[in-house]
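Pasting work-v5.cif here (mmCIF, C-alpha atoms):
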```
data_protein
#
loop_
_atom_site.label_atom_id
_atom_site.label_comp_id
_atom_site.auth_asym_id
_atom_site.auth_seq_id
_atom_site.Cartn_x
_atom_site.Cartn_y
_atom_site.Cartn_z
CA MET A 1 0.00 0.00 0.00
CA PHE A 2 1.36 3.37 -1.02
CA ILE A 3 1.26 6.06 1.67
CA ALA A 4 1.65 9.75 0.84
CA MET A 5 3.82 11.85 3.14
CA ASP A 6 2.46 15.15 4.34
CA THR A 7 4.75 18.06 3.69
CA GLY A 8 3.12 20.04 6.46
CA ALA A 9 0.16 21.50 4.62
CA GLN A 10 -2.27 18.79 5.67
CA LYS A 11 -1.64 19.16 9.39
CA GLN A 12 -3.96 22.17 9.51
CA GLU A 13 -6.63 20.31 7.53
CA VAL A 14 -6.41 17.45 10.02
CA LEU A 15 -6.61 19.87 12.94
CA ASP A 16 -9.64 21.61 11.44
CA PHE A 17 -11.36 18.26 10.98
CA LEU A 18 -10.55 17.14 14.53
CA ARG A 19 -11.87 20.45 15.88
CA SER A 20 -15.14 19.91 14.00
CA GLN A 21 -15.61 16.57 15.77
CA PHE A 22 -15.80 15.76 19.48
CA ILE A 23 -16.02 11.99 19.84
CA MET A 24 -13.14 9.55 19.40
CA SER A 25 -12.76 5.80 19.62
CA VAL A 26 -9.79 4.74 21.76
CA ALA A 27 -8.11 1.41 22.31
CA VAL A 28 -5.95 0.50 25.27
CA ALA A 29 -4.29 -2.78 26.16
CA GLU A 30 -3.23 -4.73 29.21
CA ASP A 31 -1.53 -8.13 29.09
CA ASN A 32 -2.01 -8.20 25.30
CA LYS A 33 -5.77 -7.85 25.69
CA PRO A 34 -7.12 -4.82 23.84
CA SER A 35 -10.24 -2.97 24.86
CA SER A 36 -11.94 -0.06 23.15
CA SER A 37 -14.09 2.80 24.26
CA ILE A 38 -15.74 5.98 22.98
CA LEU A 39 -14.76 9.31 24.52
CA LEU A 40 -15.33 13.04 24.37
CA TYR A 41 -12.06 14.77 23.46
CA TYR A 42 -10.33 18.09 23.06
CA VAL A 43 -7.35 18.55 20.71
CA ASP A 44 -4.76 21.32 21.02
CA ASP A 45 -2.77 23.09 18.26
CA ASP A 46 0.00 20.45 18.44
CA LEU A 47 -2.47 17.60 17.90
CA ASN A 48 -2.28 16.45 21.50
CA PHE A 49 -5.57 14.89 22.56
CA PHE A 50 -7.13 15.25 26.02
CA PHE A 51 -9.94 13.37 27.72
CA ALA A 52 -11.43 12.84 31.18
CA THR A 53 -12.75 9.68 32.72
CA HIS A 54 -13.35 8.22 36.16
CA ARG A 55 -10.17 7.12 37.88
CA SER A 56 -11.77 3.78 38.68
CA SER A 57 -12.68 3.06 35.04
CA HIS A 58 -11.10 0.12 33.21
CA LYS A 59 -9.42 2.35 30.64
CA ALA A 60 -7.92 4.64 33.28
CA GLN A 61 -6.53 1.73 35.26
CA LYS A 62 -5.14 0.08 32.13
CA LEU A 63 -3.55 3.32 30.90
CA LEU A 64 -1.86 3.89 34.25
CA LYS A 65 -0.18 0.49 33.76
CA ASN A 66 0.40 0.73 30.01
CA PRO A 67 0.26 4.27 28.52
CA GLN A 68 0.27 3.09 24.89
CA ILE A 69 -2.99 4.12 23.25
CA SER A 70 -4.53 4.18 19.79
CA LEU A 71 -7.47 6.28 18.67
CA SER A 72 -9.53 7.13 15.63
CA VAL A 73 -11.98 9.85 14.63
CA TRP A 74 -14.25 9.29 11.64
CA GLU A 75 -16.86 11.14 9.65
CA HIS A 76 -18.74 9.58 6.74
CA LYS A 77 -17.75 11.02 3.32
CA ASN A 78 -15.14 13.22 4.90
CA MET A 79 -12.16 11.82 6.74
CA MET A 80 -10.79 9.30 9.19
CA ILE A 81 -7.84 10.05 11.42
CA GLN A 82 -5.85 7.27 13.07
CA VAL A 83 -3.48 8.09 15.90
CA ASP A 84 -1.03 6.09 17.98
CA GLY A 85 0.36 7.80 21.03
CA VAL A 86 1.35 7.77 24.66
CA ALA A 87 -1.01 8.84 27.42
CA SER A 88 0.00 10.66 30.57
CA GLU A 89 -2.05 11.86 33.52
CA ILE A 90 -2.54 15.59 34.00
CA THR A 91 -1.95 16.01 37.73
CA ALA A 92 -1.85 19.77 38.38
CA GLU A 93 -5.32 20.78 39.56
CA GLN A 94 -5.41 24.05 37.62
CA ASP A 95 -4.34 22.26 34.41
CA LYS A 96 -7.03 19.62 34.98
CA LEU A 97 -9.71 22.25 35.37
CA ALA A 98 -8.48 24.09 32.27
CA ILE A 99 -8.78 20.87 30.25
CA ILE A 100 -12.22 20.17 31.72
CA ASP A 101 -13.25 23.64 30.51
CA ARG A 102 -12.07 22.70 27.01
CA LEU A 103 -13.90 19.38 27.19
CA ALA A 104 -17.09 21.19 28.19
CA GLU A 105 -16.61 23.34 25.07
CA SER A 106 -16.24 20.17 22.99
CA ALA A 107 -19.49 18.84 24.47
CA MET A 108 -21.28 21.92 23.10
CA LYS A 109 -20.61 20.75 19.53
CA GLY A 110 -23.35 18.15 19.73
CA GLN A 111 -26.87 19.49 19.99
CA ASP A 112 -28.53 17.81 22.98
CA PHE A 113 -25.27 16.02 23.73
CA TRP A 114 -24.82 15.16 27.38
CA PRO A 115 -21.52 13.47 28.32
CA PRO A 116 -22.13 9.85 29.39
CA LEU A 117 -19.37 10.40 31.94
CA LEU A 118 -21.81 12.51 33.94
CA ARG A 119 -24.52 9.85 33.90
CA ILE A 120 -22.26 7.31 35.53
CA GLY A 121 -21.82 9.29 38.74
CA GLY A 122 -18.81 9.85 40.91
CA GLN A 123 -16.49 12.82 40.91
CA ASP A 124 -13.02 11.27 41.07
CA TYR A 125 -12.02 12.35 37.60
CA ILE A 126 -8.70 11.65 35.95
CA VAL A 127 -7.57 13.69 32.95
CA PHE A 128 -5.20 12.27 30.33
CA LYS A 129 -3.11 13.88 27.63
CA ILE A 130 -2.31 11.79 24.56
CA LYS A 131 0.89 12.81 22.79
CA PRO A 132 0.77 11.37 19.28
CA THR A 133 3.67 9.36 17.90
CA TRP A 134 2.00 8.65 14.55
CA ILE A 135 -1.00 10.14 12.72
CA ARG A 136 -2.49 8.96 9.46
CA LYS A 137 -5.29 10.58 7.49
CA LEU A 138 -7.68 8.65 5.28
CA ASP A 139 -9.48 10.81 2.74
CA LEU A 140 -13.11 9.71 2.41
CA LYS A 141 -14.40 12.50 0.20
CA ARG A 142 -14.14 10.61 -3.11
CA ASP A 143 -17.22 8.67 -4.16
CA THR A 144 -15.60 6.53 -6.87
CA MET A 145 -15.40 2.79 -6.28
CA THR A 146 -11.61 2.83 -6.42
CA GLN A 147 -8.96 5.48 -6.89
CA GLU A 148 -5.49 5.47 -8.37
CA GLU A 149 -3.78 7.80 -5.94
CA THR A 150 -3.51 6.67 -2.34
CA PRO A 151 -6.17 7.96 0.05
CA PHE A 152 -3.73 7.68 2.98
CA THR A 153 -1.41 10.42 4.18
CA ASP A 154 0.97 10.16 7.11
CA ILE A 155 0.94 13.48 8.92
CA ASN A 156 4.24 15.13 9.67
CA LEU A 157 4.42 15.68 13.42
CA GLY A 158 7.59 17.73 13.28
CA MET B 159 -29.89 39.05 30.88
CA ALA B 160 -30.93 36.75 33.71
CA VAL B 161 -28.23 36.00 36.27
CA ILE B 162 -28.27 32.43 37.56
CA LEU B 163 -26.16 31.01 40.36
CA PHE B 164 -25.51 27.28 40.11
CA ASN B 165 -23.80 25.39 42.93
CA ASP B 166 -22.55 21.82 42.49
CA SER B 167 -19.33 20.22 43.66
CA ASP B 168 -18.83 18.19 40.44
CA PRO B 169 -16.42 20.23 38.27
CA VAL B 170 -17.38 18.54 34.99
CA PHE B 171 -21.11 18.81 35.66
CA ASN B 172 -20.69 22.48 36.62
CA ARG B 173 -18.87 23.42 33.48
CA VAL B 174 -21.14 21.61 31.04
CA VAL B 175 -24.30 23.01 32.63
CA LYS B 176 -22.86 26.52 32.67
CA LEU B 177 -21.97 26.45 28.99
CA LYS B 178 -25.29 24.90 27.97
CA PHE B 179 -27.27 27.55 29.85
CA GLN B 180 -25.16 30.35 28.42
CA ARG B 181 -25.34 29.05 24.85
CA GLU B 182 -28.99 27.97 24.80
CA LEU B 183 -30.55 30.82 26.77
CA ASN B 184 -27.97 33.58 26.89
CA TRP B 185 -28.11 33.58 30.69
CA ASP B 186 -25.26 34.90 32.76
CA VAL B 187 -24.42 31.79 34.76
CA LYS B 188 -22.22 31.98 37.84
CA VAL B 189 -20.90 28.66 39.06
CA THR B 190 -19.68 27.71 42.53
CA SER B 191 -18.74 24.41 44.08
CA SER B 192 -19.10 24.88 47.84
CA TYR B 193 -21.25 26.36 50.59
CA ASP B 194 -18.97 29.33 51.25
CA GLU B 195 -18.33 30.10 47.56
CA ALA B 196 -22.06 30.08 46.80
CA TYR B 197 -22.86 32.27 49.82
CA ASN B 198 -20.29 34.89 48.83
CA GLU B 199 -21.21 34.78 45.13
CA PHE B 200 -24.85 35.32 45.98
CA LEU B 201 -24.04 38.43 47.99
CA ALA B 202 -21.78 39.71 45.21
CA THR B 203 -24.06 39.10 42.21
CA ARG B 204 -27.62 38.90 43.58
CA PRO B 205 -28.82 36.30 41.04
CA GLU B 206 -32.45 35.99 40.01
CA LEU B 207 -32.36 32.25 40.56
CA PHE B 208 -30.22 29.98 42.72
CA MET B 209 -29.90 26.31 41.84
CA THR B 210 -27.98 23.95 44.09
CA GLU B 211 -27.11 20.35 44.83
CA ILE B 212 -28.02 19.49 48.42
CA VAL B 213 -25.27 16.92 48.84
CA LEU B 214 -22.21 19.09 49.30
CA ASN B 215 -18.75 17.93 50.28
CA ASP B 216 -18.68 20.41 53.13
CA PRO B 217 -15.99 20.11 55.84
CA GLU B 218 -18.49 21.36 58.43
CA GLY B 219 -21.20 18.95 57.32
CA ARG B 220 -23.50 21.62 55.96
CA THR B 221 -25.96 20.77 53.18
CA GLY B 222 -27.61 22.65 50.37
CA PHE B 223 -30.58 23.16 52.69
CA ASP B 224 -28.43 25.04 55.18
CA LEU B 225 -27.23 27.16 52.29
CA ILE B 226 -30.78 27.90 51.11
CA LYS B 227 -31.79 28.89 54.66
CA ALA B 228 -28.81 31.22 54.95
CA LEU B 229 -29.48 32.81 51.56
CA LYS B 230 -33.21 33.23 52.23
CA ASP B 231 -32.19 35.50 55.09
CA LYS B 232 -30.18 37.50 52.56
CA GLY B 233 -33.02 37.98 50.12
CA LEU B 234 -32.97 34.82 47.99
CA LYS B 235 -36.28 34.37 46.18
CA LYS B 236 -36.28 31.83 43.35
CA THR B 237 -34.64 28.57 44.35
CA VAL B 238 -34.22 25.21 42.66
CA VAL B 239 -32.72 22.04 44.04
CA LEU B 240 -30.98 19.83 41.47
CA SER B 241 -29.84 16.80 43.39
CA THR B 242 -28.53 13.29 43.04
CA LEU B 243 -30.87 12.29 45.87
CA GLY B 244 -34.64 12.11 45.57
CA GLN B 245 -35.77 11.06 49.05
CA GLU B 246 -39.25 12.15 50.05
CA SER B 247 -37.91 13.64 53.28
CA ASP B 248 -35.60 15.90 51.26
CA LYS B 249 -38.41 16.97 48.96
CA LYS B 250 -40.60 17.73 51.99
CA LEU B 251 -37.90 19.83 53.58
CA ALA B 252 -37.37 21.68 50.31
CA LYS B 253 -41.07 22.49 50.14
CA GLU B 254 -41.05 23.76 53.73
CA LEU B 255 -38.14 26.02 52.82
CA GLY B 256 -40.07 27.49 49.90
CA VAL B 257 -37.94 25.92 47.18
CA ASP B 258 -39.66 26.51 43.83
CA HIS B 259 -38.73 23.13 42.36
CA TYR B 260 -36.90 19.98 43.38
CA PHE B 261 -35.36 18.08 40.49
CA VAL B 262 -33.57 14.74 40.67
CA LYS B 263 -30.70 14.44 38.21
CA SER B 264 -31.60 10.88 37.25
CA GLU B 265 -35.16 11.93 36.38
CA ILE B 266 -34.62 14.93 34.14
CA SER B 267 -32.70 15.78 30.97
CA LEU B 268 -30.83 19.01 30.52
CA LEU B 269 -33.34 20.24 27.94
CA GLN B 270 -36.25 19.52 30.29
CA LEU B 271 -34.41 21.38 33.04
CA LEU B 272 -33.86 24.35 30.76
CA GLU B 273 -37.58 24.50 29.95
CA GLU B 274 -38.51 24.28 33.63
CA LEU B 275 -36.11 27.05 34.57
CA LYS B 276 -37.48 29.25 31.81
CA LEU B 277 -40.96 28.81 33.31
CA ILE B 278 -39.72 29.61 36.82
CA LEU B 279 -38.00 32.74 35.55
CA GLY B 280 -41.03 33.69 33.50
CA ASN B 281 -39.32 33.87 30.12
#
```
Translate the structure described by the file into structure tokens.
Amino acid sequence: MFIAMDTGAQKQEVLDFLRSQFIMSVAVAEDNKPSSSILLYYVDDDLNFFFATHRSSHKAQKLLKNPQISLSVWEHKNMMIQVDGVASEITAEQDKLAIIDRLAESAMKGQDFWPPLLRIGGQDYIVFKIKPTWIRKLDLKRDTMTQEETPFTDINLG
Amino acid sequence: MAVILFNDSDPVFNRVVKLKFQRELNWDVKVTSSYDEAYNEFLATRPELFMTEIVLNDPEGRTGFDLIKALKDKGLKKTVVLSTLGQESDKKLAKELGVDHYFVKSEISLLQLLEELKLILGN
């Protein structure tokens, strides 16, 4: 499979797409057993992702043991973004609250959207930052059955 | 613009509710997360409506009811309880205190809450 390399121009397009969305699918692993989940996210200018969950959740406990994480964001007839990265806990209280503010902003993107995190109950939140090590874009705008040029682009993180 | 004071110790809940109220209804929403913060914010901003959780993580063991009593003495008029708990004894106490409405979080959606608050505020 041929993969195009981004020369830098597509990073902004990816960022714009990610800012238009607010839900990501994430996968974590412990003892070679993967598990996936859906999360509300915020993404900063450097394509770092942030999310909050309950400290007692399976994904939080697994990430604290193994910070390797993979995620994807998808929109029909537009784009899919795949990311591998490393998660780390945001521990400073002020930083946590600043990220929670950003996540609340993300939640506003969906009309009538109410974060499932709040339905579960409990207030022992943990906030993670995901620093990407690899990002790939899949262009889904074409409606032809096949295409000659590759739809994949690896995004330059430099 | 209506000024609303919302008091809940959950930081995520607080922030989402604040933004939703501001965006959907253009209300000026002040948010606090403790008994003392809410008391001081009320005196500073004199909101038209005060909405609070009654289960507060208060070091002195005070509840949202104690807060409502204290604020009633300072001129609080329109009051709403938005609580995790829905015990009849709590609802009875709220009624005795003149609380306009008692909502249980597990029984109401945000949109329903918005509509109810609009009715209470008369807009």
| task | Would you mind listing what lies within 9 Å of Ser167 (chain B) as number ranges by chain, with only C-alpha atoms counted and same-chain residues fewer than 4 positions away left out? | result | A: 123; B: 171-172, 190-192, 211, 213-215
| message | Taking only C-alpha atoms into account, find every residue of chain B that has an atom no more than 10 Å from chain A, and write it out as a PyMOL selection string. | response | chain B and resi 167-178+181-182+242+263-264+267-269
| message | Since I can't run it myself right now, could you work out what the PyMOL selection byres ((chain A and resi 127-138) around 9) selects here and report it as JSON, numbers by chain? | response | {"A": [10, 14, 46, 47, 48, 49, 50, 51, 52, 53, 54, 55, 60, 67, 69, 70, 78, 79, 80, 81, 82, 83, 84, 85, 86, 87, 88, 89, 90, 91, 96, 99, 100, 125, 126, 139, 140, 150, 151, 152, 153, 154, 155, 156, 157]}
Write the residues you've just listed into a file as a PDB file, in the frame of the given file, and include C-alpha atoms for each of them.
```pdb
ATOM      1  CA  GLN A  10      -2.270  18.790   5.670  1.00  0.00           C
ATOM      2  CA  VAL A  14      -6.410  17.450  10.020  1.00  0.00           C
ATOM      3  CA  ASP A  46       0.000  20.450  18.440  1.00  0.00           C
ATOM      4  CA  LEU A  47      -2.470  17.600  17.900  1.00  0.00           C
ATOM      5  CA  ASN A  48      -2.280  16.450  21.500  1.00  0.00           C
ATOM      6  CA  PHE A  49      -5.570  14.890  22.560  1.00  0.00           C
ATOM      7  CA  PHE A  50      -7.130  15.250  26.020  1.00  0.00           C
ATOM      8  CA  PHE A  51      -9.940  13.370  27.720  1.00  0.00           C
ATOM      9  CA  ALA A  52     -11.430  12.840  31.180  1.00  0.00           C
ATOM     10  CA  THR A  53     -12.750   9.680  32.720  1.00  0.00           C
ATOM     11  CA  HIS A  54     -13.350   8.220  36.160  1.00  0.00           C
ATOM     12  CA  ARG A  55     -10.170   7.120  37.880  1.00  0.00           C
ATOM     13  CA  ALA A  60      -7.920   4.640  33.280  1.00  0.00           C
ATOM     14  CA  PRO A  67       0.260   4.270  28.520  1.00  0.00           C
ATOM     15  CA  ILE A  69      -2.990   4.120  23.250  1.00  0.00           C
ATOM     16  CA  SER A  70      -4.530   4.180  19.790  1.00  0.00           C
ATOM     17  CA  ASN A  78     -15.140  13.220   4.900  1.00  0.00           C
ATOM     18  CA  MET A  79     -12.160  11.820   6.740  1.00  0.00           C
ATOM     19  CA  MET A  80     -10.790   9.300   9.190  1.00  0.00           C
ATOM     20  CA  ILE A  81      -7.840  10.050  11.420  1.00  0.00           C
ATOM     21  CA  GLN A  82      -5.850   7.270  13.070  1.00  0.00           C
ATOM     22  CA  VAL A  83      -3.480   8.090  15.900  1.00  0.00           C
ATOM     23  CA  ASP A  84      -1.030   6.090  17.980  1.00  0.00           C
ATOM     24  CA  GLY A  85       0.360   7.800  21.030  1.00  0.00           C
ATOM     25  CA  VAL A  86       1.350   7.770  24.660  1.00  0.00           C
ATOM     26  CA  ALA A  87      -1.010   8.840  27.420  1.00  0.00           C
ATOM     27  CA  SER A  88       0.000  10.660  30.570  1.00  0.00           C
ATOM     28  CA  GLU A  89      -2.050  11.860  33.520  1.00  0.00           C
ATOM     29  CA  ILE A  90      -2.540  15.590  34.000  1.00  0.00           C
ATOM     30  CA  THR A  91      -1.950  16.010  37.730  1.00  0.00           C
ATOM     31  CA  LYS A  96      -7.030  19.620  34.980  1.00  0.00           C
ATOM     32  CA  ILE A  99      -8.780  20.870  30.250  1.00  0.00           C
ATOM     33  CA  ILE A 100     -12.220  20.170  31.720  1.00  0.00           C
ATOM     34  CA  TYR A 125     -12.020  12.350  37.600  1.00  0.00           C
ATOM     35  CA  ILE A 126      -8.700  11.650  35.950  1.00  0.00           C
ATOM     36  CA  ASP A 139      -9.480  10.810   2.740  1.00  0.00           C
ATOM     37  CA  LEU A 140     -13.110   9.710   2.410  1.00  0.00           C
ATOM     38  CA  THR A 150      -3.510   6.670  -2.340  1.00  0.00           C
ATOM     39  CA  PRO A 151      -6.170   7.960   0.050  1.00  0.00           C
ATOM     40  CA  PHE A 152      -3.730   7.680   2.980  1.00  0.00           C
ATOM     41  CA  THR A 153      -1.410  10.420   4.180  1.00  0.00           C
ATOM     42  CA  ASP A 154       0.970  10.160   7.110  1.00  0.00           C
ATOM     43  CA  ILE A 155       0.940  13.480   8.920  1.00  0.00           C
ATOM     44  CA  ASN A 156       4.240  15.130   9.670  1.00  0.00           C
ATOM     45  CA  LEU A 157       4.420  15.680  13.420  1.00  0.00           C
TER      46      LEU A 157
END
```
| Picked residues, the PyMOL selection byres ((chain B and resi 239) around 8), as a ChimeraX atom specification | /B:209-212,237-238,240-241,252,257,259-261
| Minimum-distance residue to Leu251 (chain B), chosen among B:Ile226, B:Met159, B:Leu201, B:Leu234 (using all atoms listed in the file) |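 Nearest candidate to Leu251 (chain B) out of B:Ile226, B:Met159, B:Leu201, B:Leu234: B:Ile226.
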| field | Point-to-point distance from CA of Ile23 (chain A) to CA of Pro116 (chain A), Å rounded to tenths | value | 11.5 Å
| With distances taken over all atoms listed in the file, which of A:Gly8, A:Ser20, A:Leu71, A:Lys65 is nearest to Ser36 (chain A)? | A:Leu71
| request: Name the residues captured by the PyMOL selection byres ((chain B and resi 280) around 12) when it is applied to the shown file; answer as JSON, numbers by chain. | output: {"B": [160, 206, 207, 236, 273, 274, 275, 276, 277, 278, 279, 281]}
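Take the candidates A:Ala9, A:Ile38, A:Met24, A:Val43 and check each one against Trp74 (chain A) using all atoms listed in the file; the shortest distance goes to A:Met24.
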| request: Compare B:Thr203, B:Leu163, B:Leu272, B:Arg220 by their minimum atom-to-atom distance to Phe179 (chain B), counting all atoms listed in the file, and give me the closest one. | output: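 Distance minimum relative to Phe179 (chain B) lands on B:Leu272.
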| query | To one decimal place, how far is CA of Leu64 (chain A) from CA of Glu30 (chain A) in Å? | reply |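 Computing it gives 10.1 Å between the two atoms.
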| When you draw a straight line from CA of Asn184 (chain B) to CA of Phe223 (chain B), how long is it in Å? | 27.9 Å
| query | What lies within 12 Å of Asp231 (chain B) using only C-alpha atoms, ignoring chain neighbours under 5 positions off, as a list in words? | reply |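 Residues meeting the cut-off are Tyr197, Phe200, Leu201, Asp224, Leu225, Ile226 and Leu255 of chain B.
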| query | For Arg204 (chain B), which of B:Leu243, B:Leu271, B:Ile162, B:Ala228 is the closest residue, counting all atoms listed in the file? | reply |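 Once distances to Arg204 (chain B) are computed over all atoms listed in the file, the minimum belongs to B:Ile162.
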